[in-house]
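Chemist: Below is one structure. I have some questions about it.
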Amino acid sequence: MAKDALALMDHLGWRKAHVFGHSMGSMIASKLAAIAPERVASLALLNTTGGGYQCIPKIDWQTISLACRFLRARTPEQRAGVDLDVHYTREYLDEIVGSNTRRQMLYQEYVKGLSSCGMQSRHGYEGQLNACWTHKLTQKELDRIRSSGFLILVIHGRDDVVAQLYHARRLAEKLQPAAKLVELHGGHLVSHERTAEVNMSLMEMIKASKSNTDQGEWSNLPKKSDDQLLAGSDSRLAKRECNIIVIYNLLGKLQLILLFFFGVFYIILEHARRVLRVLKPVRVSATSL
């Protein structure tokens, strides 16, 4: 998909572009920057993660409830209700706009869109999951992105239930000194909840890129020493982060295991309910004998 985006740029005659991506689109944008950094004027990653197990949401009761509702959604109305709670914060949805809440207004729009375009197909959903799960930026690719000279902006919603804020922070730290991190109160679609703030941050990055602002002035993250900014072969950096990486990988695998057992339990429960419906005795009246 990153190569497709580059082909489109070639077709349009764009030598360089300000590349923005949201969620899975941010993975494509970062991959494009790694493949062809000379084609990127600036890079903005909204609600992003590093792919793989980082795509697994935080396991809590809210996430489990949303997962159950998502698996049970069979109609546009049911799916719209789930999508709203996944995309936005409760405060945003409960705000009064005119005579209705924003939830009521967005619900009608979501149902209309799902009814006219149809629900996502199984193959499309599996393809999206595969793309996110197999996405990865190697240390070499990260070094190439942050050393290419363009400015990077990472924007994330603090209440995102899909992409965890922790992963966005880690990615911004790995892209120092070129990256700036902006955290906003919002959910997965923070660009909808905080449109003005997001647009202001994007315009600020574009203006800074055009004025050739130094990366050190652009970044708002704690500065690292020159030794720490070397490639991943730096032994001191590796020793300091080794334990953290091991522990976090174990936690990531634990989340995956819990999610797997939850899925198996849910499938068994649904199968048992269907069997009980089939085996439920049917009353036969005397007149029908």
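In the structure tokens, chains take letters A, B, ... by order of appearance, with residues numbered from 1 within each chain and ligands from 1 in the order shown.
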Can I get the residues of region 156-197 of chain A within 12 Å of region 26-39 of chain A, each with the closest pair of atoms and their distance in Å to one decimal, using only C-alpha atoms, sorted chain first then ascending number, as a Markdown table?
Modeler:
| residue | atom | partner | partner_atom | distance |
| --- | --- | --- | --- | --- |
| A:His156 | CA | A:Ser26 | CA | 11.4 |
| A:Ala163 | CA | A:Ser26 | CA | 11.5 |
| A:Ala168 | CA | A:Ser26 | CA | 10.9 |
| A:Leu171 | CA | A:Ser30 | CA | 10.7 |
| A:Ala172 | CA | A:Ser30 | CA | 11.8 |
| A:Leu175 | CA | A:Ser30 | CA | 10.9 |
Chemist: Between A:Leu45, A:Ala80, A:Leu137, A:Leu142, which residue has the minimum interatomic distance to Leu114 (chain A), considering only C-alpha atoms?
Modeler: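 Using only C-alpha atoms, Leu114 (chain A) sits closest to A:Ala80.
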Chemist: What does the distance between CA of Leu43 (chain A) and CA of Phe150 (chain A) come to in Å, to one decimal place?
Modeler: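 Computing it gives 7.4 Å between the two atoms.
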Chemist: Looking only at the backbone, which of the residues in region 29-254 of chain A does DSSP tag as strand (DSSP E), as a count of residues only?
Modeler: 24
Chemist: Write out as a PyMOL selection string the residues lying within 9 Å of Met119 (chain A), counting only C-alpha atoms and excluding same-chain residues fewer than 4 positions away.
Modeler: chain A and resi 74-76+79+114-115
Chemist: Give me the residues of region 140-173 of chain A that have any atom at most 12 Å from an atom of region 185-191 of chain A; for each, the nearest atom pair and the distance in Å, rounded to one decimal. Use only C-alpha atoms, sort by chain and number, and format it as JSON lines.
Modeler:
{"residue": "A:Ile155", "atom": "CA", "partner": "A:Val190", "partner_atom": "CA", "distance": 8.5}
{"residue": "A:His156", "atom": "CA", "partner": "A:Val190", "partner_atom": "CA", "distance": 7.0}
{"residue": "A:Gly157", "atom": "CA", "partner": "A:Gly186", "partner_atom": "CA", "distance": 4.5}
{"residue": "A:Arg158", "atom": "CA", "partner": "A:His185", "partner_atom": "CA", "distance": 5.4}
{"residue": "A:Asp159", "atom": "CA", "partner": "A:Gly187", "partner_atom": "CA", "distance": 4.8}
{"residue": "A:Asp160", "atom": "CA", "partner": "A:Gly187", "partner_atom": "CA", "distance": 4.1}
{"residue": "A:Val161", "atom": "CA", "partner": "A:His188", "partner_atom": "CA", "distance": 6.8}
{"residue": "A:Val162", "atom": "CA", "partner": "A:His188", "partner_atom": "CA", "distance": 6.4}
{"residue": "A:Ala163", "atom": "CA", "partner": "A:His188", "partner_atom": "CA", "distance": 7.2}
{"residue": "A:Gln164", "atom": "CA", "partner": "A:His188", "partner_atom": "CA", "distance": 9.4}
{"residue": "A:Leu165", "atom": "CA", "partner": "A:His188", "partner_atom": "CA", "distance": 10.2}
Chemist: Can you pull out every residue within 8 Å of Arg102 (chain A), counting only C-alpha atoms, but drop anything in the same chain fewer than 6 positions away, and send it as a list in words?
Modeler: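 Within the cut-off, the hits are Tyr92, Leu93, Asp94, Glu95 and Ile96 of chain A.
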Chemist: Go ahead and save the picked residues with C-alpha atoms, as a compact mmCIF listing (two decimals), in the first residue's frame.
Modeler:
# COMPACT_ATOMS: atom_id res chain seq x y z
CA TYR A 92 -18.20 13.89 23.15
CA LEU A 93 -21.17 11.68 22.26
CA ASP A 94 -23.30 13.02 25.12
CA GLU A 95 -22.83 16.68 24.15
CA ILE A 96 -26.04 18.44 23.13
Chemist: Between CA of Lys180 (chain A) and CA of Leu151 (chain A), what is the distance, to one decimal in Å?
Modeler: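 Separation between CA of Lys180 (chain A) and CA of Leu151 (chain A): 8.1 Å.
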Chemist: I'd like the contact shell of region 208-217 of chain A - 12 Å cut-off, only C-alpha atoms, skipping same-chain residues fewer than 4 positions apart - returned as a PyMOL selection string.
Modeler: chain A and resi 17-18+40-44+146-153+175-180+201-204+221-225
Chemist: Could the residues of region 81-187 of chain A that have an atom at most 10 Å from region 59-66 of chain A be listed as CSV, each with its closest atom pair and the distance in Å to one decimal, counting only C-alpha atoms and ordered by chain and ascending residue number?
Modeler:
residue,atom,partner,partner_atom,distance
A:Gly81,CA,A:Leu66,CA,9.9
A:Val82,CA,A:Leu66,CA,6.6
A:Asp83,CA,A:Leu66,CA,9.0
A:Asp85,CA,A:Leu66,CA,7.8
A:Val86,CA,A:Leu66,CA,7.5
A:Val161,CA,A:Thr63,CA,7.1
A:Val162,CA,A:Thr63,CA,8.8
Chemist: Between A:His167, A:Glu193, A:Leu12, A:Cys117, which has the minimum distance to Pro57 (chain A) (counting only C-alpha atoms)?
Modeler: A:His167
Chemist: Residues of region 32-180 of chain A classed as alpha helix (DSSP H) by DSSP on the backbone are to be reported as an NGL selection string.
Modeler: :A and (32-35 or 61-72 or 76-87 or 90-94 or 102-117 or 122-134 or 139-146 or 165-174)
